[in-house]
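A.B. asks: File follows, start-v2.cif with mmCIF, C-alpha atoms:
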data_data
#
loop_
_atom_site.label_atom_id
_atom_site.label_comp_id
_atom_site.auth_asym_id
_atom_site.auth_seq_id
_atom_site.Cartn_x
_atom_site.Cartn_y
_atom_site.Cartn_z
CA MET A 166 22.97 4.07 49.16
CA ILE A 167 21.49 1.16 47.26
CA LYS A 168 17.97 2.46 47.93
CA ALA A 169 18.99 5.92 46.74
CA GLN A 170 20.16 4.43 43.47
CA GLN A 171 16.89 2.55 43.13
CA VAL A 172 14.95 5.76 43.64
CA GLU A 173 16.91 7.42 40.84
CA VAL A 174 16.13 4.53 38.53
CA HIS A 175 12.43 5.39 38.66
CA LEU A 176 12.85 9.07 37.85
CA PRO A 177 11.43 10.94 36.07
CA LEU A 178 7.94 9.57 36.68
CA THR A 179 5.36 9.53 33.94
CA PRO A 180 2.30 11.73 34.57
CA ALA A 181 0.17 8.60 35.15
CA VAL A 182 2.58 7.13 37.71
CA PHE A 183 2.92 10.47 39.47
CA ALA A 184 -0.87 10.88 39.62
CA ILE A 185 -1.34 7.36 41.03
CA LEU A 186 1.36 7.79 43.69
CA LEU A 187 0.00 11.20 44.57
CA ALA A 188 -3.52 9.82 44.95
CA LEU A 189 -2.29 6.95 47.14
CA ALA A 190 -0.13 9.29 49.20
CA GLY A 191 -3.46 10.68 50.48
CA GLY A 192 -4.53 7.25 51.75
CA GLU A 193 -5.52 3.76 50.63
CA LYS A 194 -7.78 3.71 47.62
CA HIS A 195 -9.39 1.33 45.16
CA GLY A 196 -8.90 1.69 41.40
CA TYR A 197 -11.86 3.87 40.60
CA ALA A 198 -11.06 6.22 43.51
CA ILE A 199 -7.54 6.65 42.11
CA MET A 200 -8.99 7.43 38.67
CA LYS A 201 -11.35 10.00 40.18
CA GLU A 202 -8.67 11.76 42.19
CA ALA A 203 -6.23 11.84 39.27
CA ALA A 204 -8.88 13.58 37.19
CA LEU A 205 -9.23 16.41 39.75
CA PRO A 206 -7.09 19.56 39.54
CA VAL A 207 -5.30 18.52 42.76
CA GLY A 208 -4.56 15.16 41.17
CA GLY A 209 -3.03 16.65 38.05
CA CYS A 210 -6.12 16.53 35.78
CA ILE A 211 -4.88 13.22 34.43
CA SER A 212 -7.49 11.20 32.56
CA LEU A 213 -6.74 7.59 33.50
CA GLY A 214 -8.78 4.85 31.87
CA PRO A 215 -9.01 1.38 33.47
CA GLY A 216 -6.56 -0.04 30.92
CA THR A 217 -3.87 2.50 31.73
CA LEU A 218 -4.55 2.45 35.46
CA TYR A 219 -4.32 -1.29 36.06
CA GLY A 220 -1.33 -1.81 33.75
CA THR A 221 0.53 0.97 35.58
CA LEU A 222 -0.58 -0.29 39.00
CA ASP A 223 0.72 -3.75 38.14
CA ARG A 224 4.16 -2.33 37.33
CA LEU A 225 4.16 -0.21 40.49
CA ILE A 226 3.36 -3.30 42.57
CA ARG A 227 6.11 -5.25 40.80
CA ASP A 228 8.59 -2.44 41.54
CA SER A 229 7.42 -2.25 45.18
CA LEU A 230 6.17 1.32 44.96
CA VAL A 231 2.60 0.26 45.67
CA GLU A 232 1.10 -2.74 47.43
CA GLU A 233 -2.30 -4.27 47.93
CA THR A 234 -3.74 -3.70 51.38
CA GLY A 235 -5.45 -7.08 51.44
CA LEU A 236 -8.64 -5.33 52.53
CA THR A 237 -11.66 -5.25 50.29
CA ASP A 238 -15.25 -4.11 50.57
CA ASP A 239 -16.19 -6.05 47.47
CA VAL A 240 -14.49 -8.85 45.53
CA ARG A 241 -14.35 -6.48 42.61
CA ARG A 242 -12.71 -3.67 44.58
CA ARG A 243 -9.23 -4.14 45.92
CA TYR A 244 -7.48 -1.41 47.87
CA TYR A 245 -3.97 -0.22 47.22
CA ARG A 246 -1.53 1.81 49.29
CA ILE A 247 1.80 3.48 48.62
CA THR A 248 4.84 1.79 50.17
CA GLU A 249 7.63 3.53 52.03
CA PHE A 250 9.82 3.18 48.99
CA GLY A 251 7.01 4.59 46.83
CA GLN A 252 6.85 7.61 49.12
CA ARG A 253 10.58 8.15 48.73
CA VAL A 254 10.26 7.99 44.94
CA LEU A 255 7.33 10.41 45.06
CA ALA A 256 9.31 12.77 47.28
CA ALA A 257 12.32 12.63 44.97
CA GLU A 258 10.15 13.36 41.96
CA THR A 259 8.44 16.21 43.80
CA SER A 260 11.84 17.73 44.63
CA ARG A 261 12.92 17.37 41.04
CA LEU A 262 9.74 19.05 39.81
CA ALA A 263 10.04 21.77 42.47
CA ILE A 264 13.52 22.66 41.18
CA LEU A 265 12.13 22.77 37.65
CA VAL A 266 9.22 24.97 38.71
CA ARG A 267 11.54 27.34 40.61
CA THR A 268 13.89 27.59 37.64
CA ALA A 269 11.03 28.09 35.20
CA ARG A 270 9.49 30.79 37.39
CA ALA A 271 12.79 32.61 37.80
CA ARG A 272 13.46 32.56 34.09
CA ALA A 273 9.92 33.61 33.27
CA ASP A 274 10.26 36.55 35.70
CA ARG A 275 13.60 37.59 34.18
CA GLY A 276 12.09 37.33 30.73
CA ARG A 277 9.15 39.47 31.76
CA ASP A 278 11.53 42.08 33.28
CA ARG A 279 13.62 42.20 30.12
CA LEU A 280 10.49 42.58 28.00
CA GLY A 281 9.31 45.40 30.28
CA GLU A 282 12.63 47.24 29.93
CA ARG A 283 12.57 46.91 26.16
CA THR A 284 8.98 48.07 25.77
CA GLY A 285 9.68 50.90 28.26
CA GLY A 286 12.73 51.99 26.21
CA ALA A 287 10.60 52.07 23.08
CA GLY A 288 8.46 54.70 24.76
CA VAL A 289 5.26 52.71 24.99
CA MET B 279 -27.69 5.64 39.66
CA ARG B 280 -26.94 5.25 35.96
CA ARG B 281 -26.22 1.74 34.65
CA PRO B 282 -23.83 1.15 31.77
CA ASN B 283 -25.24 0.62 28.30
CA PRO B 284 -25.51 -3.21 28.12
CA PHE B 285 -24.30 -3.44 24.54
CA LEU B 286 -21.28 -1.17 25.01
CA PHE B 287 -20.46 -2.80 28.33
CA ALA B 288 -20.54 -6.25 26.68
CA LEU B 289 -18.37 -4.91 23.87
CA TYR B 290 -15.87 -3.53 26.39
CA ARG B 291 -15.80 -6.90 28.14
CA LEU B 292 -15.23 -8.60 24.78
CA LEU B 293 -12.44 -6.20 23.79
CA LEU B 294 -10.73 -6.87 27.11
CA ARG B 295 -9.51 -10.03 25.40
CA PHE B 296 -6.94 -7.87 23.63
CA TYR B 297 -5.49 -6.88 26.99
CA PRO B 298 -2.51 -9.08 27.99
CA SER B 299 -3.92 -12.27 29.51
CA ARG B 300 -1.85 -12.08 32.71
CA LEU B 301 -3.20 -8.62 33.50
CA ARG B 302 -6.69 -9.53 32.37
CA LEU B 303 -6.89 -12.53 34.68
CA ARG B 304 -5.73 -10.41 37.59
CA TYR B 305 -7.61 -7.17 37.02
CA GLN B 306 -10.59 -7.90 34.76
CA ASP B 307 -13.20 -7.76 37.55
CA GLU B 308 -11.74 -4.55 38.93
CA MET B 309 -11.59 -2.95 35.48
CA LEU B 310 -15.21 -3.79 34.78
CA GLN B 311 -16.22 -2.48 38.20
CA SER B 312 -14.35 0.77 37.47
CA VAL B 313 -16.32 1.09 34.23
CA ARG B 314 -19.58 0.53 36.16
CA ASP B 315 -18.55 3.12 38.76
CA ALA B 316 -17.52 5.61 36.09
CA CYS B 317 -20.85 5.09 34.28
CA ALA B 318 -22.78 5.63 37.51
CA GLU B 319 -21.06 8.98 38.09
CA ARG B 320 -20.74 10.05 34.49
CA ARG B 321 -21.52 13.69 33.81
CA GLY B 322 -20.50 14.17 30.18
CA ARG B 323 -22.04 12.80 27.00
CA ALA B 324 -22.21 9.02 26.59
CA PRO B 325 -20.53 8.71 23.16
CA ARG B 326 -17.52 10.71 24.31
CA PHE B 327 -17.29 8.74 27.55
CA TRP B 328 -17.33 5.36 25.77
CA LEU B 329 -14.98 6.58 23.05
CA ARG B 330 -12.43 7.53 25.74
CA LEU B 331 -12.82 4.15 27.43
CA PHE B 332 -12.32 2.20 24.19
CA ALA B 333 -9.40 4.38 23.15
CA ASP B 334 -7.80 3.82 26.55
CA LEU B 335 -8.31 0.06 26.27
CA LEU B 336 -6.80 -0.01 22.78
CA THR B 337 -3.74 2.11 23.55
CA SER B 338 -3.08 0.46 26.90
CA SER B 339 -3.40 -3.03 25.36
CA ILE B 340 -0.80 -2.18 22.72
CA LYS B 341 1.47 -0.55 25.30
CA GLU B 342 1.21 -3.45 27.76
CA HIS B 343 1.92 -6.02 25.05
CA LEU B 344 5.01 -4.08 23.94
CA LEU B 345 6.19 -3.76 27.54
CA MET B 346 5.73 -7.49 28.05
CA ILE B 347 7.82 -8.21 24.96
CA ARG B 348 10.50 -5.88 26.30
CA ASP B 349 10.42 -7.55 29.71
CA GLN B 350 10.70 -10.98 28.14
CA ALA B 351 13.61 -9.80 26.02
CA VAL B 352 15.38 -8.57 29.15
CA ALA B 353 14.55 -11.71 31.12
CA ARG B 354 15.52 -14.16 28.38
CA PRO B 355 18.05 -12.34 26.18
CA VAL B 356 19.43 -15.48 24.55
CA PHE B 357 16.05 -16.54 23.17
CA PHE B 358 15.22 -12.99 22.16
CA HIS B 359 18.48 -12.62 20.24
CA ALA B 360 17.99 -16.06 18.70
CA LEU B 361 14.52 -15.01 17.57
CA ILE B 362 15.84 -11.81 16.01
CA LEU B 363 18.67 -13.74 14.34
CA GLY B 364 16.16 -16.31 13.08
CA LEU B 365 14.00 -13.55 11.58
CA ILE B 366 17.02 -11.97 9.92
CA LEU B 367 18.12 -15.36 8.56
CA THR B 368 14.64 -16.04 7.21
CA MET B 369 14.44 -12.66 5.51
CA MET B 370 17.94 -12.94 4.07
CA GLY B 371 17.31 -16.49 2.87
CA GLY B 372 14.02 -15.47 1.27
CA ALA B 373 15.59 -12.43 -0.39
CA ALA B 374 18.52 -14.50 -1.71
CA ALA B 375 16.17 -17.18 -3.08
CA VAL B 376 14.03 -14.57 -4.84
CA ALA B 377 17.16 -12.85 -6.25
CA PHE B 378 18.56 -16.15 -7.58
CA GLN B 379 15.17 -17.09 -9.03
CA GLN B 380 15.05 -13.75 -10.86
CA LEU B 381 18.60 -14.26 -12.15
CA LEU B 382 17.68 -17.72 -13.43
CA ARG B 383 14.49 -16.44 -15.07
CA ARG B 384 16.22 -13.48 -16.69
CA GLY B 385 19.02 -15.77 -17.84
CA ALA B 386 16.40 -17.91 -19.59
CA ASP B 387 15.64 -14.93 -21.90
CA GLU B 388 19.24 -14.39 -22.88
CA PRO B 389 19.66 -16.21 -26.20
CA GLN B 390 16.14 -15.33 -27.33
CA ILE B 391 16.69 -11.57 -26.94
CA GLN B 392 19.69 -11.60 -29.27
CA MET B 393 18.05 -13.99 -31.72
CA ALA B 394 14.84 -11.93 -31.87
CA ASP B 395 16.86 -8.74 -32.47
CA ASP B 396 18.88 -10.38 -35.26
CA TYR B 397 15.82 -11.92 -36.94
CA ALA B 398 13.84 -8.68 -36.71
CA ALA B 399 16.74 -6.70 -38.19
CA GLY B 400 17.15 -9.21 -41.06
CA LEU B 401 13.43 -9.22 -41.85
CA ALA B 402 13.23 -5.43 -41.66
CA SER B 403 15.99 -5.18 -44.25
CA GLY B 404 13.80 -7.08 -46.71
CA GLN B 405 15.27 -10.58 -46.36
CA MET B 406 12.98 -13.60 -46.58
CA PRO B 407 12.23 -15.41 -43.32
CA SER B 408 13.80 -18.58 -44.71
CA ASP B 409 17.06 -16.68 -45.24
CA VAL B 410 17.12 -15.22 -41.75
CA ILE B 411 15.83 -18.02 -39.56
CA PRO B 412 17.49 -21.44 -39.62
CA ARG B 413 15.56 -23.45 -42.19
CA PRO B 414 12.93 -25.70 -40.68
CA SER B 415 14.23 -28.66 -42.59
CA ALA B 416 12.32 -31.10 -40.47
CA ILE B 417 8.98 -29.31 -40.68
CA VAL B 418 7.23 -29.22 -44.00
CA LEU B 419 4.24 -27.07 -44.71
CA THR B 420 2.36 -28.59 -47.63
CA PRO B 421 -0.73 -27.01 -49.16
CA GLN B 422 -3.42 -29.63 -49.45
CA VAL B 423 -6.45 -29.25 -51.65
CA VAL B 424 -9.54 -30.46 -49.90
CA GLU B 425 -12.58 -31.35 -51.98
CA ARG B 426 -15.85 -30.51 -50.24
CA GLY B 427 -18.21 -31.58 -52.99
CA GLY B 428 -19.21 -29.63 -56.10
CA GLN B 429 -17.24 -26.45 -56.70
CA ASP B 430 -16.30 -26.05 -53.03
CA ARG B 431 -12.54 -26.40 -52.79
CA SER B 432 -10.28 -25.03 -50.13
CA ILE B 433 -6.62 -25.22 -49.33
CA ASP B 434 -5.60 -26.40 -45.84
CA PRO B 435 -2.00 -26.45 -44.69
CA LEU B 436 -0.64 -29.82 -43.61
CA ILE B 437 2.18 -29.75 -41.14
CA GLN B 438 4.47 -32.69 -40.98
CA VAL B 439 6.89 -32.85 -38.11
CA VAL B 440 9.80 -35.07 -38.94
CA GLY B 441 12.19 -34.16 -36.15
CA GLY B 442 12.47 -30.38 -35.80
CA VAL B 443 11.96 -28.37 -32.63
CA ASP B 444 9.13 -29.96 -30.69
CA ILE B 445 8.28 -27.10 -28.34
CA GLY B 446 6.67 -29.46 -25.84
CA ARG B 447 9.84 -31.50 -25.36
CA SER B 448 12.91 -29.79 -26.78
CA LEU B 449 15.02 -27.28 -24.87
CA GLN B 450 16.17 -25.67 -28.13
CA PRO B 451 15.01 -22.18 -29.04
CA PHE B 452 12.42 -21.88 -31.80
CA ALA B 453 11.19 -18.94 -33.85
CA VAL B 454 7.88 -18.02 -35.42
CA VAL B 455 7.28 -15.14 -37.83
CA TYR B 456 3.79 -13.65 -37.86
CA ASP B 457 2.33 -11.24 -40.39
CA ASP B 458 0.91 -7.90 -39.37
CA SER B 459 -2.42 -9.45 -38.41
CA GLY B 460 -0.75 -12.02 -36.14
CA LYS B 461 -1.04 -15.01 -38.50
CA PRO B 462 2.00 -17.32 -38.52
CA ILE B 463 3.82 -17.29 -41.87
CA PHE B 464 7.08 -19.03 -41.03
CA PHE B 465 8.24 -21.20 -38.10
CA ASN B 466 10.78 -23.79 -37.07
CA GLY B 467 8.98 -25.23 -34.06
CA VAL B 468 5.56 -26.73 -33.43
CA LEU B 469 3.54 -27.78 -30.44
CA ASP B 470 1.12 -30.68 -30.83
CA GLN B 471 1.32 -30.52 -34.63
CA ALA B 472 0.35 -26.83 -34.65
CA VAL B 473 2.04 -23.48 -34.66
CA PRO B 474 1.47 -21.81 -31.31
CA THR B 475 0.19 -18.25 -31.41
CA PRO B 476 0.40 -15.99 -28.39
CA PRO B 477 -2.62 -13.99 -27.20
CA GLN B 478 -3.60 -11.04 -29.39
CA GLY B 479 -2.62 -8.73 -26.54
CA VAL B 480 1.04 -9.47 -27.23
CA PHE B 481 0.72 -8.15 -30.80
CA ASN B 482 -1.29 -5.16 -29.61
CA TYR B 483 1.47 -4.36 -27.13
CA LEU B 484 4.12 -4.69 -29.83
CA ARG B 485 2.33 -2.17 -32.04
CA SER B 486 3.38 0.52 -29.56
CA HIS B 487 6.53 -1.11 -28.14
CA SER B 488 9.47 -2.63 -29.98
CA ARG B 489 9.98 -5.67 -27.72
CA ASP B 490 8.09 -7.79 -25.21
CA LYS B 491 9.47 -10.43 -22.84
CA PHE B 492 7.02 -12.76 -21.17
CA THR B 493 6.41 -16.21 -19.79
CA TRP B 494 3.99 -17.98 -22.05
CA GLN B 495 2.03 -21.15 -21.36
CA PRO B 496 0.59 -22.29 -24.70
CA ARG B 497 -0.77 -25.40 -23.02
CA ARG B 498 -0.75 -27.05 -19.61
CA GLY B 499 2.72 -28.28 -18.67
CA VAL B 500 4.54 -26.21 -21.29
CA ARG B 501 5.96 -22.88 -20.19
CA ILE B 502 8.08 -20.82 -22.52
CA ALA B 503 10.45 -17.91 -22.00
CA ALA B 504 9.36 -15.86 -25.00
CA VAL B 505 10.77 -12.72 -26.56
CA ALA B 506 8.70 -11.05 -29.26
CA ARG B 507 9.73 -8.18 -31.51
CA ARG B 508 7.95 -5.98 -33.97
CA VAL B 509 9.29 -6.21 -37.52
CA ASP B 510 9.30 -3.00 -39.54
CA GLY B 511 10.24 -2.67 -43.18
CA PRO B 512 8.54 -3.79 -46.40
CA HIS B 513 6.72 -6.74 -44.77
CA PRO B 514 5.73 -5.59 -41.29
CA GLY B 515 4.87 -8.21 -38.75
CA PHE B 516 6.26 -9.84 -35.65
CA VAL B 517 8.89 -12.38 -34.75
CA LEU B 518 8.71 -14.52 -31.63
CA VAL B 519 11.62 -16.54 -30.28
CA GLY B 520 10.95 -18.90 -27.40
CA ARG B 521 12.56 -21.62 -25.35
CA SER B 522 11.12 -24.11 -22.93
CA LEU B 523 11.45 -23.18 -19.27
CA THR B 524 11.60 -26.82 -18.17
CA LEU B 525 15.29 -26.67 -17.28
CA VAL B 526 14.96 -23.30 -15.49
CA GLU B 527 11.98 -24.58 -13.52
CA GLU B 528 13.96 -27.64 -12.47
CA GLN B 529 16.77 -25.33 -11.31
CA GLU B 530 14.25 -23.15 -9.47
CA GLY B 531 12.86 -26.22 -7.73
CA LEU B 532 16.37 -27.24 -6.67
CA LEU B 533 17.06 -23.69 -5.48
CA TYR B 534 13.92 -23.60 -3.32
CA HIS B 535 14.68 -27.04 -1.92
CA ALA B 536 18.26 -26.06 -1.08
CA THR B 537 17.14 -22.75 0.44
CA PHE B 538 14.52 -24.46 2.59
CA ILE B 539 16.92 -27.18 3.79
CA GLY B 540 19.60 -24.55 4.54
CA TRP B 541 17.10 -22.39 6.43
CA PHE B 542 15.76 -25.39 8.33
CA VAL B 543 19.25 -26.54 9.39
CA LEU B 544 20.35 -23.02 10.39
CA VAL B 545 17.20 -22.33 12.40
CA GLY B 546 17.52 -25.75 14.05
CA LEU B 547 21.13 -24.99 14.98
CA LEU B 548 20.08 -21.59 16.26
CA ILE B 549 17.36 -23.05 18.50
CA ALA B 550 19.69 -25.75 19.78
CA GLY B 551 22.45 -23.21 20.41
CA ALA B 552 20.06 -20.84 22.21
CA ALA B 553 18.73 -23.67 24.39
CA LEU B 554 22.25 -24.80 25.25
CA LEU B 555 23.46 -21.28 26.04
CA SER B 556 20.39 -20.55 28.12
CA ARG B 557 20.96 -23.76 30.11
CA VAL B 558 24.64 -22.91 30.67
CA GLN B 559 23.66 -19.41 31.83
CA SER B 560 20.98 -20.74 34.19
CA SER B 561 23.35 -23.28 35.75
CA ALA B 562 26.05 -20.60 36.12
CA LEU B 563 23.56 -18.34 37.96
CA THR B 564 22.31 -21.13 40.23
CA PRO B 565 24.15 -20.95 43.56
CA GLY B 566 26.24 -23.99 44.47
#
Please render this file's structure as structure tokens.
C.D. replies:
Amino acid sequence: MIKAQQVEVHLPLTPAVFAILLALAGGEKHGYAIMKEAALPVGGCISLGPGTLYGTLDRLIRDSLVEETGLTDDVRRRYYRITEFGQRVLAAETSRLAILVRTARARADRGRDRLGERTGGAGV
Amino acid sequence: MRRPNPFLFALYRLLLRFYPSRLRLRYQDEMLQSVRDACAERRGRAPRFWLRLFADLLTSSIKEHLLMIRDQAVARPVFFHALILGLILTMMGGAAAVAFQQLLRRGADEPQIQMADDYAAGLASGQMPSDVIPRPSAIVLTPQVVERGGQDRSIDPLIQVVGGVDIGRSLQPFAVVYDDSGKPIFFNGVLDQAVPTPPQGVFNYLRSHSRDKFTWQPRRGVRIAAVARRVDGPHPGFVLVGRSLTLVEEQEGLLYHATFIGWFVLVGLLIAGAALLSRVQSSALTPG
């Protein structure tokens, strides 16, 4: 129950946070790899600069959504992974967005139908 | 593999100083490595790439600093509220001091405004200056014939001050009437044995405006609250009524002193109170 409340506290996620969690949900990554994936269409086409990325990562680590793996292939490249709690937050946000997408699609379809009826009635 | 432009990379490293120090110490190497990696794989144009990087650094630095302030305010609310209260107190104290100073300064013009209006009205109606302005009984203007050899003779005025308004010392108002060219023709106050004359700009201003109020410093250490008026009528000219600002400046000094001491005491109490409250809160939160 307490965890559920904590998940709610983090919603809605900002596009940058969502892109970082989404990138890390695919596996452990270092900073630049997160930036690259976020910039892809599957990552949300989010342009993350180093300033934004590391500030956001620091907050995610503080809030226990992300953690350092402790592994590194270079002193200048640390790897990060999503925590179990981070996955729950990501899942909650995904559900929230899915509801929004469903609603938006349904309304857009209804709107299109209404427009079709009206233009049909006008004899076009 | 493309290497980053050395100058722009050095500039980026330099500008990283604007990033909050805690984050910089922790992530600086990684951030610079990300820039190197991004440069190595860059596809777009260099200016646009670097512009994005610098813009990101600038916006994220501002954002992170603001977030840190917010976090500190949440973590230490007593000190944050004390700081806000201190700022409000400082602004209110400063505003009150400025308002009082303005009141004092405007008050210093009060008798002169009425006197200048009365004198100007009297002179405009054709009265002689000596009938309008209190007679300068203690100041005598005596024409003195000066022989300069042969036929050369000239007349110089000799001013004798016997005890009238000494502008440099007295707090009494004085008045000077000037002709249309700005030459003094009647006065009941002198400064260093001479009739003070304001800058020509004052007379120029009065040719298009009826009255001028200004602070005038005819010599070092003497500041006067002066009110000058244009005189219309048969003998056009100007009348200036002034009064030393010595007393007002003393009051202003006292006001600033009192304001500063009051502010200092209040801020001291605020800091002490915040420290005490913070300590009480910390001990209340400590288990046992």
A.B. asks: In Å, how far is it from CA of Lys461 (chain B) to CA of Pro476 (chain B)?
C.D. replies: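 Those two atoms sit 10.3 Å apart.
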A.B. asks: Just the residues within 9 Å of His487 (chain B), please, counting all atoms listed in the file, with nothing from its chain fewer than 3 positions along; format it as a list in words.
C.D. replies: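 My reading of the contact set: Asn482, Tyr483, Leu484, Asp490, Arg507 and Arg508 of chain B.
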A.B. asks: Can you write just those residues out, C-alpha atoms, as a compact mmCIF listing (two decimals), in the frame of the given file?
C.D. replies:
# COMPACT_ATOMS: atom_id res chain seq x y z
CA ASN B 482 -1.29 -5.16 -29.61
CA TYR B 483 1.47 -4.36 -27.13
CA LEU B 484 4.12 -4.69 -29.83
CA ASP B 490 8.09 -7.79 -25.21
CA ARG B 507 9.73 -8.18 -31.51
CA ARG B 508 7.95 -5.98 -33.97
A.B. asks: Please provide the set of residues having any atom within 12 Å of Gly191 (chain A), restricted to only C-alpha atoms, with same-chain residues fewer than 5 positions apart removed, written as a list in words.
C.D. replies: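 Skipping anything fewer than 5 positions along the chain leaves Ala184, Ile185, Leu186, Ala198, Ile199, Glu202, Ala203, Val207, Gly208, Tyr245, Arg246, Ile247 and Gln252 of chain A.
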A.B. asks: Where does the PyMOL selection byres ((chain B and resi 467-470) around 7) land in this file, that is, which residues does it pick, as number ranges by chain?
C.D. replies: B: 442-446, 452-453, 465-466, 471-474
A.B. asks: Determine the nearest neighbour of Ile549 (chain B) from the options B:Ala373, B:Val454, B:Val410, B:Ala360, counting all atoms listed in the file.
C.D. replies: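 Closest candidate: B:Ala360.
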A.B. asks: Chain A residues within 6 Å of chain B, counting only C-alpha atoms: which ones, as an MDAnalysis selection string?
C.D. replies: chainID A and resid 197 214:217 241:242
A.B. asks: For a test of reading the model, state the distance in Å between CA of Tyr534 (chain B) and CA of Gly372 (chain B), rounded to one decimal.
C.D. replies: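 Taking CA of Tyr534 (chain B) as the start and CA of Gly372 (chain B) as the end point, the length is 9.3 Å.
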A.B. asks: Might you spell out which residues the PyMOL selection byres ((chain B and resi 386) around 9) would select in the displayed file, as a short mmCIF file (atom, residue, chain, number, x, y, z; two decimals) with C-alpha atoms, in the coordinates of the input?
C.D. replies:
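expr24.cif, written as the output of this step:
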data_model
loop_
_atom_site.label_atom_id
_atom_site.label_comp_id
_atom_site.auth_asym_id
_atom_site.auth_seq_id
_atom_site.Cartn_x
_atom_site.Cartn_y
_atom_site.Cartn_z
CA LEU B 381 18.60 -14.26 -12.15
CA LEU B 382 17.68 -17.72 -13.43
CA ARG B 383 14.49 -16.44 -15.07
CA ARG B 384 16.22 -13.48 -16.69
CA GLY B 385 19.02 -15.77 -17.84
CA ASP B 387 15.64 -14.93 -21.90
CA GLU B 388 19.24 -14.39 -22.88
CA PRO B 389 19.66 -16.21 -26.20
CA GLN B 390 16.14 -15.33 -27.33
CA ALA B 503 10.45 -17.91 -22.00
CA ARG B 521 12.56 -21.62 -25.35
CA SER B 522 11.12 -24.11 -22.93
CA LEU B 523 11.45 -23.18 -19.27
CA VAL B 526 14.96 -23.30 -15.49
#
A.B. asks: Please provide as a list in words all residues within 9 Å of region 256-269 of chain A, with the sequence filter that same-chain residues fewer than 2 positions apart are discarded (counting all atoms listed in the file).
C.D. replies: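 Non-adjacent residues within range: Val172, Glu173, His175, Leu176, Pro177, Leu178, Phe183, Gly251, Gln252, Arg253, Val254, Ala271, Arg272, Ala273 and Asp274 of chain A.
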A.B. asks: Evaluating the PyMOL selection byres ((chain A and resi 229) around 10) on the displayed file yields which residues, as a list of chain:residue names?
C.D. replies: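 Listing what the PyMOL selection byres ((chain A and resi 229) around 10) selects in the shown file: A:Asp223, A:Arg224, A:Leu225, A:Ile226, A:Arg227, A:Asp228, A:Leu230, A:Val231, A:Glu232, A:Ile247, A:Thr248, A:Glu249, A:Phe250, A:Gly251.
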A.B. asks: Hey, can you check how far CA of Leu554 (chain B) sits from CA of Met369 (chain B)?
C.D. replies: 24.5 Å
A.B. asks: Please return as a PDB file with C-alpha atoms, in the frame of the given file every residue within 12 Å of (-1.6, -8.6, 53.4), taking into account all atoms listed in the file and the file's own coordinates.
C.D. replies:
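Result file result19.pdb:
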ATOM      1  CA  GLU A 232       1.100  -2.740  47.430  1.00  0.00           C
ATOM      2  CA  GLU A 233      -2.300  -4.270  47.930  1.00  0.00           C
ATOM      3  CA  THR A 234      -3.740  -3.700  51.380  1.00  0.00           C
ATOM      4  CA  GLY A 235      -5.450  -7.080  51.440  1.00  0.00           C
ATOM      5  CA  LEU A 236      -8.640  -5.330  52.530  1.00  0.00           C
ATOM      6  CA  THR A 237     -11.660  -5.250  50.290  1.00  0.00           C
ATOM      7  CA  ARG A 243      -9.230  -4.140  45.920  1.00  0.00           C
ATOM      8  CA  TYR A 244      -7.480  -1.410  47.870  1.00  0.00           C
ATOM      9  CA  TYR A 245      -3.970  -0.220  47.220  1.00  0.00           C
ATOM     10  CA  ARG A 246      -1.530   1.810  49.290  1.00  0.00           C
TER      11      ARG A 246
END
A.B. asks: From the set B:Ser299, B:Gln380, B:Ser459, B:Ser488, which residue has the shortest atom-to-atom contact distance to Ala399 (chain B), counting only C-alpha atoms?
C.D. replies: B:Ser488
A.B. asks: Let me have the centre and edge lengths in Å, one decimal, of the box along x, y and z around every listed atom of region 470-482 of chain B with 5 Å of margin on each side, as JSON.
C.D. replies:
{"center_x": -0.8, "center_y": -17.9, "center_z": -30.6, "size_x": 15.6, "size_y": 35.5, "size_z": 18.1}
